[in-house]
$ cat my_file12.txt   # compact mmCIF, C-alpha atoms and all ligand atoms
# COMPACT_ATOMS: atom_id res chain seq x y z
CA MET A 1 -1.78 -31.72 1.10
CA SER A 2 -4.74 -31.11 -1.16
CA LYS A 3 -3.77 -29.39 -4.38
CA THR A 4 -7.29 -28.43 -5.36
CA PRO A 5 -7.45 -24.78 -6.44
CA LEU A 6 -8.88 -22.47 -3.78
CA THR A 7 -11.61 -19.91 -4.22
CA VAL A 8 -11.01 -16.75 -2.20
CA ASN A 9 -13.40 -13.80 -2.41
CA GLY A 10 -14.81 -15.10 -5.68
CA ARG A 11 -11.47 -15.67 -7.43
CA GLU A 12 -9.79 -19.02 -7.99
CA TYR A 13 -6.13 -19.59 -7.16
CA THR A 14 -3.97 -22.61 -7.98
CA TRP A 15 -1.17 -23.79 -5.69
CA PRO A 16 2.34 -22.59 -6.48
CA GLU A 17 4.95 -25.14 -7.59
CA ASN A 18 7.78 -23.06 -6.13
CA PRO A 19 7.48 -20.65 -3.22
CA LEU A 20 5.79 -17.45 -4.36
CA VAL A 21 7.15 -14.19 -2.93
CA VAL A 22 4.82 -11.23 -3.47
CA VAL A 23 6.49 -7.90 -2.74
CA CYS A 24 4.67 -4.62 -2.18
CA VAL A 25 7.16 -1.78 -2.52
CA ASP A 26 5.41 1.04 -0.69
CA GLY A 27 5.13 4.24 -2.74
CA SER A 28 6.98 2.85 -5.74
CA GLN A 29 5.93 5.16 -8.55
CA PRO A 30 6.97 3.27 -11.74
CA ALA A 31 9.71 5.81 -12.43
CA TYR A 32 11.75 4.62 -9.42
CA ILE A 33 12.55 1.23 -10.95
CA GLU A 34 12.68 2.66 -14.50
CA GLU A 35 15.23 5.28 -13.50
CA ALA A 36 17.31 2.88 -11.41
CA ILE A 37 17.49 0.45 -14.33
CA LYS A 38 18.38 3.29 -16.69
CA ALA A 39 21.22 4.20 -14.32
CA GLY A 40 22.39 0.60 -14.45
CA VAL A 41 22.11 0.03 -10.70
CA MET A 42 19.51 -2.79 -10.72
CA PRO A 43 21.25 -5.42 -12.85
CA PHE A 44 19.27 -8.36 -11.47
CA THR A 45 15.92 -6.63 -11.93
CA GLN A 46 16.86 -5.56 -15.43
CA LYS A 47 17.55 -9.18 -16.36
CA MET A 48 14.45 -10.38 -14.51
CA LEU A 49 12.25 -8.01 -16.49
CA ALA A 50 13.83 -9.08 -19.77
CA ASN A 51 13.04 -12.73 -19.00
CA GLY A 52 9.81 -12.13 -17.10
CA SER A 53 7.08 -9.50 -17.31
CA ASP A 54 7.23 -5.74 -16.89
CA LEU A 55 3.61 -4.61 -16.65
CA ARG A 56 1.82 -1.61 -15.15
CA ALA A 57 -1.38 -1.65 -13.12
CA ASP A 58 -3.77 0.69 -11.35
CA CYS A 59 -3.91 0.72 -7.58
CA VAL A 60 -6.97 1.47 -5.49
CA VAL A 61 -8.02 5.10 -4.92
CA PRO A 62 -7.56 6.46 -2.26
CA SER A 63 -3.98 5.61 -3.21
CA PHE A 64 -2.99 4.95 0.39
CA THR A 65 -1.11 2.12 2.07
CA ASN A 66 -3.75 0.18 3.96
CA PRO A 67 -6.56 0.07 1.35
CA ASN A 68 -4.08 -1.17 -1.23
CA ASN A 69 -2.22 -3.68 0.93
CA LEU A 70 -5.54 -5.20 1.91
CA SER A 71 -6.70 -5.24 -1.70
CA ILE A 72 -3.53 -7.04 -2.73
CA VAL A 73 -3.84 -9.78 -0.08
CA THR A 74 -7.57 -10.29 -0.57
CA GLY A 75 -7.67 -9.90 -4.37
CA CYS A 76 -10.61 -7.50 -4.19
CA PRO A 77 -11.40 -3.78 -3.88
CA PRO A 78 -12.29 -1.89 -0.66
CA ALA A 79 -16.03 -2.17 -1.41
CA VAL A 80 -15.58 -5.89 -0.65
CA HIS A 81 -12.87 -5.94 2.05
CA GLY A 82 -13.88 -2.73 3.85
CA ILE A 83 -10.51 -1.01 4.42
CA CYS A 84 -10.73 2.38 2.73
CA GLY A 85 -8.20 4.49 4.63
CA ASN A 86 -5.83 4.66 7.58
CA PHE A 87 -8.25 6.86 9.40
CA ILE A 88 -12.03 7.20 9.14
CA LEU A 89 -15.10 8.61 10.77
CA ASP A 90 -16.62 5.52 12.38
CA PRO A 91 -20.30 5.49 11.38
CA ASP A 92 -21.30 3.71 14.60
CA SER A 93 -19.57 6.01 17.09
CA GLY A 94 -19.22 9.23 15.06
CA GLU A 95 -15.60 9.28 16.26
CA GLU A 96 -12.52 9.73 14.14
CA VAL A 97 -10.64 6.45 14.49
CA MET A 98 -7.65 4.63 13.10
CA MET A 99 -8.65 1.81 10.78
CA ASN A 100 -5.93 -0.56 12.00
CA ASP A 101 -8.30 -2.75 13.97
CA PRO A 102 -8.73 -6.07 12.15
CA LYS A 103 -12.47 -5.84 12.90
CA TYR A 104 -12.77 -3.52 9.88
CA LEU A 105 -11.46 -6.23 7.54
CA ARG A 106 -14.55 -8.03 6.25
CA VAL A 107 -13.10 -10.93 4.26
CA ASP A 108 -10.38 -13.56 4.45
CA THR A 109 -6.95 -12.99 3.00
CA ILE A 110 -5.47 -15.26 0.33
CA MET A 111 -2.77 -16.23 2.84
CA LYS A 112 -5.33 -17.34 5.41
CA SER A 113 -7.16 -19.44 2.83
CA PHE A 114 -4.00 -21.20 1.68
CA HIS A 115 -2.96 -21.75 5.29
CA ASP A 116 -6.33 -23.22 6.23
CA ALA A 117 -6.09 -25.57 3.25
CA GLY A 118 -2.77 -26.92 4.55
CA GLY A 119 -0.25 -24.51 3.05
CA SER A 120 2.48 -22.53 4.78
CA VAL A 121 2.49 -18.74 4.68
CA ALA A 122 4.67 -15.88 5.89
CA VAL A 123 3.93 -12.16 6.18
CA VAL A 124 6.60 -9.58 6.95
CA THR A 125 5.78 -5.86 7.05
CA ALA A 126 7.57 -2.70 8.03
CA LYS A 127 5.05 -1.24 10.46
CA ASP A 128 3.21 -3.27 13.03
CA LYS A 129 -0.14 -1.53 12.36
CA LEU A 130 -0.27 -3.23 8.99
CA ARG A 131 0.90 -6.61 10.32
CA THR A 132 -2.20 -7.00 12.48
CA LEU A 133 -4.48 -6.44 9.47
CA LEU A 134 -2.51 -8.61 7.05
CA GLY A 135 -2.17 -11.42 9.58
CA LYS A 136 -5.86 -11.50 10.42
CA GLY A 137 -7.21 -15.01 10.93
CA LEU A 138 -3.85 -16.80 10.70
CA ASP A 139 -3.55 -19.69 13.15
CA PHE A 140 -0.08 -19.29 14.59
CA THR A 141 -0.31 -22.56 16.53
CA SER A 142 -0.18 -24.60 13.32
CA GLY A 143 3.53 -24.02 12.74
CA ARG A 144 2.67 -23.07 9.13
CA ALA A 145 1.89 -19.38 9.60
CA LEU A 146 3.94 -16.43 10.72
CA ALA A 147 3.49 -12.68 10.59
CA PHE A 148 5.70 -10.00 12.07
CA SER A 149 6.88 -6.45 11.48
CA SER A 150 10.44 -5.20 11.38
CA GLU A 151 9.27 -2.36 13.67
CA LYS A 152 8.55 -4.82 16.49
CA SER A 153 10.93 -7.58 15.45
CA ASP A 154 12.34 -7.65 18.99
CA GLN A 155 8.93 -8.41 20.47
CA VAL A 156 7.80 -11.44 18.46
CA THR A 157 6.25 -14.42 20.19
CA LEU A 158 5.08 -17.80 18.97
CA ALA A 159 1.54 -17.00 20.16
CA GLU A 160 1.27 -13.59 18.46
CA ASN A 161 3.56 -14.02 15.46
CA GLY A 162 4.15 -17.74 14.90
CA ILE A 163 7.92 -17.25 15.21
CA GLU A 164 10.53 -16.41 17.86
CA ASN A 165 14.04 -14.92 17.90
CA VAL A 166 13.69 -12.98 14.66
CA LEU A 167 16.65 -10.69 15.40
CA GLU A 168 18.88 -13.73 15.78
CA MET A 169 17.56 -15.22 12.54
CA VAL A 170 18.05 -12.02 10.55
CA GLY A 171 21.31 -11.02 12.24
CA LYS A 172 20.38 -7.33 12.33
CA PRO A 173 19.28 -4.93 15.11
CA VAL A 174 15.73 -3.53 15.28
CA PRO A 175 15.64 -0.72 12.71
CA SER A 176 14.31 2.77 13.39
CA VAL A 177 10.71 3.21 12.25
CA TYR A 178 11.92 6.15 10.15
CA SER A 179 14.64 4.53 8.10
CA ALA A 180 15.43 2.65 4.91
CA GLU A 181 16.67 -0.17 7.15
CA LEU A 182 13.08 -0.81 8.29
CA SER A 183 12.41 -2.07 4.76
CA GLU A 184 15.77 -3.76 4.29
CA PHE A 185 15.10 -5.87 7.39
CA ILE A 186 12.00 -7.29 5.66
CA PHE A 187 13.96 -8.61 2.69
CA ALA A 188 16.77 -9.94 4.86
CA ALA A 189 14.12 -11.81 6.86
CA GLY A 190 12.48 -13.01 3.64
CA VAL A 191 15.71 -14.60 2.47
CA LYS A 192 16.22 -16.36 5.83
CA LEU A 193 12.63 -17.59 5.88
CA LEU A 194 12.94 -18.95 2.36
CA GLU A 195 16.10 -20.81 3.36
CA SER A 196 14.69 -22.21 6.59
CA ARG A 197 10.95 -22.67 6.01
CA ARG A 198 10.25 -22.39 2.29
CA PRO A 199 6.67 -21.17 2.73
CA ASP A 200 4.26 -21.65 -0.19
CA LEU A 201 3.33 -17.96 -0.06
CA MET A 202 5.31 -15.08 1.34
CA TYR A 203 4.12 -11.47 1.42
CA LEU A 204 6.73 -8.75 2.01
CA SER A 205 5.45 -5.18 2.40
CA THR A 206 7.83 -2.24 2.86
CA THR A 207 7.40 1.38 3.98
CA ASP A 208 7.58 4.47 1.78
CA TYR A 209 9.95 6.44 4.02
CA VAL A 210 12.49 6.69 1.17
CA GLN A 211 9.98 7.55 -1.57
CA HIS A 212 8.46 10.36 0.53
CA LYS A 213 11.91 11.95 0.68
CA HIS A 214 13.62 11.13 -2.58
CA ALA A 215 12.54 11.53 -6.21
CA PRO A 216 13.01 8.76 -8.80
CA GLY A 217 16.56 8.60 -10.12
CA SER A 218 18.04 10.51 -7.18
CA GLU A 219 20.90 9.03 -5.22
CA GLY A 220 18.74 8.55 -2.12
CA ALA A 221 16.17 6.62 -4.13
CA ASN A 222 18.62 4.61 -6.22
CA SER A 223 20.54 3.32 -3.22
CA PHE A 224 17.27 1.92 -1.83
CA TYR A 225 16.53 0.16 -5.13
CA VAL A 226 20.09 -1.18 -5.28
CA MET A 227 19.46 -2.75 -1.87
CA MET A 228 16.22 -4.38 -3.07
CA ASP A 229 17.85 -5.62 -6.29
CA GLY A 230 20.38 -7.55 -4.20
CA TYR A 231 17.73 -9.27 -2.09
CA TRP A 232 15.48 -10.06 -5.06
CA LYS A 233 18.46 -11.77 -6.63
CA GLN A 234 18.89 -13.91 -3.51
CA LEU A 235 15.19 -14.80 -3.40
CA ASP A 236 15.36 -15.81 -7.07
CA ALA A 237 18.50 -17.88 -6.50
CA LEU A 238 16.65 -19.76 -3.74
CA GLY A 239 14.04 -20.84 -6.30
CA ALA A 240 11.21 -18.43 -5.50
CA THR A 241 8.88 -16.96 -8.08
CA ILE A 242 8.94 -13.20 -7.54
CA ALA A 243 6.00 -10.86 -8.07
CA ILE A 244 6.36 -7.15 -7.35
CA THR A 245 3.89 -4.30 -7.21
CA ALA A 246 3.28 -1.13 -5.18
CA ASP A 247 0.45 0.03 -2.97
CA HIS A 248 0.53 3.44 -4.68
CA GLY A 249 2.80 5.86 -6.51
CA MET A 250 4.31 9.10 -5.20
CA ASN A 251 4.48 12.66 -6.53
CA ALA A 252 6.15 15.91 -5.57
CA LYS A 253 3.53 18.20 -4.02
CA HIS A 254 5.44 21.41 -3.54
CA ASN A 255 6.43 24.59 -5.32
CA THR A 256 9.59 23.94 -7.26
CA ALA A 257 10.73 27.52 -6.61
CA ASP A 258 10.75 27.58 -2.79
CA GLY A 259 10.03 23.95 -1.84
CA GLN A 260 6.92 24.94 0.14
CA PRO A 261 4.03 22.42 0.11
CA LYS A 262 1.21 23.13 -2.37
CA VAL A 263 -1.96 22.52 -0.41
CA VAL A 264 -5.69 23.10 -0.75
CA TYR A 265 -6.79 23.63 2.87
CA LEU A 266 -10.28 22.27 2.47
CA GLN A 267 -11.60 22.73 6.02
CA GLU A 268 -10.72 26.40 5.77
CA VAL A 269 -12.56 26.69 2.46
CA MET A 270 -15.63 24.89 3.83
CA ASP A 271 -15.67 27.01 7.00
CA ASP A 272 -15.45 30.11 4.86
CA TRP A 273 -18.31 29.04 2.57
CA LEU A 274 -20.64 27.25 4.99
CA GLY A 275 -19.73 28.58 8.44
CA GLU A 276 -17.29 27.37 11.08
CA GLY A 277 -17.41 23.61 11.60
CA VAL A 278 -20.50 23.00 9.46
CA ALA A 279 -18.52 20.66 7.22
CA ARG A 280 -16.12 18.09 8.62
CA VAL A 281 -13.10 17.26 6.46
CA ILE A 282 -11.48 13.88 7.12
CA LEU A 283 -8.08 13.01 5.68
CA PRO A 284 -7.74 9.22 5.59
CA ILE A 285 -3.94 9.50 5.16
CA THR A 286 -3.73 10.57 8.82
CA ASP A 287 -1.79 8.20 11.04
CA PRO A 288 0.62 8.43 13.97
CA TYR A 289 3.60 8.30 11.63
CA VAL A 290 3.15 11.75 10.07
CA VAL A 291 6.80 12.75 9.93
CA HIS A 292 7.20 12.11 6.22
CA HIS A 293 4.00 13.71 4.96
CA GLY A 294 2.48 15.82 7.74
CA ALA A 295 -0.89 14.12 6.99
CA LEU A 296 -0.98 15.85 3.61
CA GLY A 297 -2.11 13.56 0.77
CA GLY A 298 -4.08 13.75 -2.43
CA TYR A 299 -7.46 12.66 -1.08
CA GLY A 300 -9.98 14.00 1.40
CA THR A 301 -13.57 13.24 2.27
CA VAL A 302 -16.14 15.73 3.59
CA TYR A 303 -19.10 15.16 5.89
CA LEU A 304 -21.93 17.66 5.44
CA PRO A 305 -25.29 18.40 7.05
CA GLU A 306 -28.37 16.80 5.56
CA GLY A 307 -30.00 18.93 2.91
CA THR A 308 -26.71 20.25 1.49
CA ASP A 309 -26.78 20.57 -2.31
CA MET A 310 -23.92 18.13 -2.91
CA VAL A 311 -23.82 18.46 -6.69
CA ASP A 312 -23.63 22.23 -6.53
CA LEU A 313 -20.91 22.09 -3.86
CA CYS A 314 -18.89 19.64 -5.98
CA LYS A 315 -18.96 22.12 -8.86
CA LYS A 316 -17.71 24.92 -6.60
CA ILE A 317 -14.93 22.75 -5.15
CA GLU A 318 -13.84 21.58 -8.59
CA ALA A 319 -13.28 25.22 -9.53
CA ILE A 320 -10.59 25.55 -6.83
CA GLU A 321 -7.12 25.56 -8.32
CA GLY A 322 -5.35 22.31 -7.45
CA VAL A 323 -8.51 20.20 -7.25
CA GLU A 324 -8.69 17.43 -9.86
CA VAL A 325 -12.16 16.15 -9.08
CA ALA A 326 -14.94 16.49 -6.49
CA LEU A 327 -17.42 13.62 -6.37
CA THR A 328 -20.51 12.76 -4.38
CA ASN A 329 -20.37 9.67 -2.18
CA ALA A 330 -22.28 7.63 -4.78
CA GLU A 331 -20.07 8.76 -7.66
CA ALA A 332 -16.83 8.13 -5.76
CA CYS A 333 -17.88 4.74 -4.41
CA GLU A 334 -18.93 3.54 -7.85
CA ARG A 335 -15.82 4.84 -9.60
CA PHE A 336 -13.31 3.69 -6.97
CA GLU A 337 -15.17 0.61 -5.61
CA LEU A 338 -15.40 1.92 -2.04
CA PRO A 339 -17.78 1.02 0.83
CA PRO A 340 -20.28 3.95 0.85
CA GLU A 341 -21.00 3.73 4.59
CA LEU A 342 -17.34 4.42 5.40
CA VAL A 343 -16.91 7.37 3.01
CA GLY A 344 -18.10 10.94 3.60
CA ASP A 345 -20.68 12.85 1.55
CA LEU A 346 -18.05 14.15 -0.85
CA VAL A 347 -14.66 12.88 -2.03
CA ILE A 348 -12.12 15.49 -3.13
CA ILE A 349 -8.96 14.59 -5.04
CA SER A 350 -6.14 17.01 -5.77
CA VAL A 351 -3.99 17.25 -8.91
CA ALA A 352 -0.57 15.58 -9.00
CA ASP A 353 1.51 18.46 -7.61
CA THR A 354 -0.95 19.51 -4.87
CA ALA A 355 -2.13 18.02 -1.58
CA ILE A 356 -5.39 18.29 0.37
CA GLY A 357 -5.20 19.58 3.94
CA THR A 358 -7.67 20.66 6.61
CA ALA A 359 -6.27 23.93 8.01
CA PRO A 360 -2.61 25.01 8.27
CA ALA A 361 -2.61 24.89 12.08
CA ARG A 362 -3.71 21.26 12.05
CA HIS A 363 -0.74 19.97 10.06
CA ASP A 364 2.57 19.49 11.84
CA LEU A 365 5.14 19.99 9.12
CA SER A 366 8.07 20.31 11.51
CA GLY A 367 9.24 16.78 10.66
CA LEU A 368 9.31 17.49 6.93
CA ASN A 369 13.00 17.85 6.23
CA GLU A 370 12.58 17.61 2.48
CA PRO A 371 9.97 19.26 0.22
CA LEU A 372 6.63 17.42 0.40
CA ARG A 373 6.16 14.29 -1.69
CA SER A 374 2.96 12.37 -1.11
CA HIS A 375 0.13 10.31 -2.58
CA GLY A 376 -3.58 9.54 -2.26
CA GLY A 377 -5.03 10.72 -5.55
CA ILE A 378 -5.64 9.44 -9.06
CA SER A 379 -2.25 10.76 -10.14
CA GLU A 380 -0.56 8.15 -7.92
CA GLN A 381 -2.62 5.27 -9.26
CA ARG A 382 -0.12 3.84 -11.74
CA VAL A 383 2.15 1.20 -10.21
CA PRO A 384 4.55 -1.50 -11.42
CA LEU A 385 3.29 -5.07 -11.82
CA ILE A 386 6.35 -7.21 -12.32
CA PHE A 387 6.92 -10.97 -12.46
CA SER A 388 10.09 -13.04 -12.67
CA LYS A 389 8.39 -15.23 -15.30
CA PRO A 390 6.51 -14.33 -18.48
CA VAL A 391 2.73 -14.12 -18.14
CA THR A 392 0.66 -16.35 -20.40
CA PRO A 393 -0.50 -14.48 -23.51
CA GLY A 394 -3.81 -12.73 -22.90
CA ALA A 395 -3.35 -12.39 -19.13
CA GLU A 396 -1.81 -8.94 -19.59
CA GLN A 397 -4.89 -7.66 -21.46
CA GLY A 398 -7.45 -5.20 -20.12
CA ARG A 399 -7.17 -2.99 -17.06
CA LEU A 400 -4.77 -4.63 -14.63
CA ARG A 401 -4.97 -3.83 -10.93
CA ASN A 402 -2.28 -4.25 -8.30
CA PHE A 403 -4.68 -6.63 -6.56
CA ASP A 404 -4.52 -8.97 -9.57
CA ILE A 405 -0.99 -9.89 -8.52
CA PHE A 406 -1.80 -13.18 -6.77
CA ASN A 407 -4.14 -14.14 -9.60
CA ILE A 408 -1.48 -13.63 -12.28
CA ALA A 409 1.34 -15.09 -10.18
CA LEU A 410 -0.58 -18.25 -9.27
CA ASN A 411 -2.69 -18.75 -12.39
CA HIS A 412 -1.09 -17.06 -15.37
CA LEU A 413 2.70 -17.45 -15.35
CA GLN A 414 4.65 -19.60 -17.78
CA SER A 415 7.19 -21.83 -16.10
ZN ZN B 501 2.05 3.32 1.12

$ encode --input "my_file12.txt" --output "structure tokens"
Amino acid sequence: MSKTPLTVNGREYTWPENPLVVVCVDGSQPAYIEEAIKAGVMPFTQKMLANGSDLRADCVVPSFTNPNNLSIVTGCPPAVHGICGNFILDPDSGEEVMMNDPKYLRVDTIMKSFHDAGGSVAVVTAKDKLRTLLGKGLDFTSGRALAFSSEKSDQVTLAENGIENVLEMVGKPVPSVYSAELSEFIFAAGVKLLESRRPDLMYLSTTDYVQHKHAPGSEGANSFYVMMDGYWKQLDALGATIAITADHGMNAKHNTADGQPKVVYLQEVMDDWLGEGVARVILPITDPYVVHHGALGGYGTVYLPEGTDMVDLCKKIEAIEGVEVALTNAEACERFELPPELVGDLVIISVADTAIGTAPARHDLSGLNEPLRSHGGISEQRVPLIFSKPVTPGAEQGRLRNFDIFNIALNHLQS
């Protein structure tokens, strides 16, 4: 196997000496691990951080799952890879569409590049919608690539996933899509894969079901982090280098007094100011799995008729209580490194304790059993960036991003 460093999307990556396991803990606001360690329930992680590196990084805004997972596995921002939400207004069709289709991903992943250069790679996700994006371009006939989700772990095939009989391998039943077990299954699979296949690169990406429901330090949150601590210990014991980050953070977005969601209903505001349906508010957090957030997040984009005074409208929107910033397409795409053709005329971001909605009737909150916690804005941008080994001096300088994780893990760790 050639050990020449690879260049992927303009960044160079050296080959790992030991298997590298990169973990994306969905919705892991830094306080989750901090509080769990303070409570003494993550003994392995506590030791790992003492011997390794405990850094913080900024994720991509919109601080949503897909834009960030794709940034992490490509090492570049959405302006380069193209995935800027779960849900967009397709510029070609004018239709509101899910962005799960791999056709929207414009570049190769780091996993694909290592695979094509002779390496072995494994991708395990919670939800299948993400698996198809993350596994794009992998040749499952080579015997060196596999990608599957715990959601559809009973439906894997060699042709589609590069592996068979996952349930047998993991020794667990298919978890519910709304459960902590959906994420636990990923780590259990990761341990088995490390034992049996020892891939050069493994990417494990969980779901934020727990973080949407439970605040840092709470029992519900801590028990989830206890579970992860146990699996990270096993991965470490098997000789893997471990790198951990999050796709985004998570904040409470409700009134503390009555637990009701705090929401700026932007379509209502626009209809009131401009006339019914003149503006079109798109919430890229929207997806079929709305139970834990009711499609309420910290980021919305607005399509407006030509000739609208965008700058003036931004000023008016910024004056609404609960709005952190309103930006024109050009301002937002420059600041957040987004593809302008896939973003509306305005980008609106709410403050930490408030969400952006369209209109009350368009959000099904019946599945929200706990007060709303969500993400999407600038206030959920800070995430952990953790390595089981110390980073080389200097590599921790400057603004770190969650999508620097492969770069640091492969190029800048001390052995
Ligand atoms: Zn997420």

$ residues_near_ligand --input "my_file12.txt" --ligand "ligand ZN 501 (chain B)" --cutoff "12 Å" --atoms "only C-alpha atoms and all ligand atoms" --output "MDAnalysis selection string"
chainID A and resid 24:29 59:70 85:86 125:127 130 205:212 245:250 285 287 289 292:293 297 374:376 380:381 383

$ residues_around --input "my_file12.txt" --residues "Pro175 (chain A)" --least-positions-apart "2" --cutoff "12 Å" --atoms "only C-alpha atoms" --output "count of residues only"
23

$ atom_distance --input "my_file12.txt" --atom1 "CA of Ile88 (chain A)" --atom2 "CA of Lys129 (chain A)"
15.1 Å

$ atom_distance --input "my_file12.txt" --atom1 "CA of Thr354 (chain A)" --atom2 "CA of Gly275 (chain A)"
24.7 Å

$ residues_around --input "my_file12.txt" --residues "Ala147 (chain A)" --least-positions-apart "5" --cutoff "10 Å" --atoms "all atoms listed in the file" --output "JSON list (two decimals) with C-alpha atoms, in the coordinates of the input"
[["chain", "number", "residue", "atom", "x", "y", "z"],
["A", 121, "VAL", "CA", 2.49, -18.74, 4.68],
["A", 122, "ALA", "CA", 4.67, -15.88, 5.89],
["A", 123, "VAL", "CA", 3.93, -12.16, 6.18],
["A", 124, "VAL", "CA", 6.60, -9.58, 6.95],
["A", 125, "THR", "CA", 5.78, -5.86, 7.05],
["A", 128, "ASP", "CA", 3.21, -3.27, 13.03],
["A", 131, "ARG", "CA", 0.90, -6.61, 10.32],
["A", 132, "THR", "CA", -2.20, -7.00, 12.48],
["A", 134, "LEU", "CA", -2.51, -8.61, 7.05],
["A", 135, "GLY", "CA", -2.17, -11.42, 9.58],
["A", 136, "LYS", "CA", -5.86, -11.50, 10.42],
["A", 138, "LEU", "CA", -3.85, -16.80, 10.70],
["A", 140, "PHE", "CA", -0.08, -19.29, 14.59],
["A", 156, "VAL", "CA", 7.80, -11.44, 18.46],
["A", 158, "LEU", "CA", 5.08, -17.80, 18.97],
["A", 160, "GLU", "CA", 1.27, -13.59, 18.46],
["A", 161, "ASN", "CA", 3.56, -14.02, 15.46],
["A", 162, "GLY", "CA", 4.15, -17.74, 14.90],
["A", 163, "ILE", "CA", 7.92, -17.25, 15.21],
["A", 202, "MET", "CA", 5.31, -15.08, 1.34],
["A", 203, "TYR", "CA", 4.12, -11.47, 1.42],
["A", 204, "LEU", "CA", 6.73, -8.75, 2.01]]

$ closest_residue --input "my_file12.txt" --among "A:Val278, A:Pro284, A:Ala330, A:Val264" --to "Met98 (chain A)" --atoms "only C-alpha atoms"
A:Pro284

$ closest_residue --input "my_file12.txt" --among "A:Tyr303, A:Tyr265, A:Trp15, A:Phe406" --to "Ala355 (chain A)" --atoms "all atoms listed in the file"
A:Tyr265
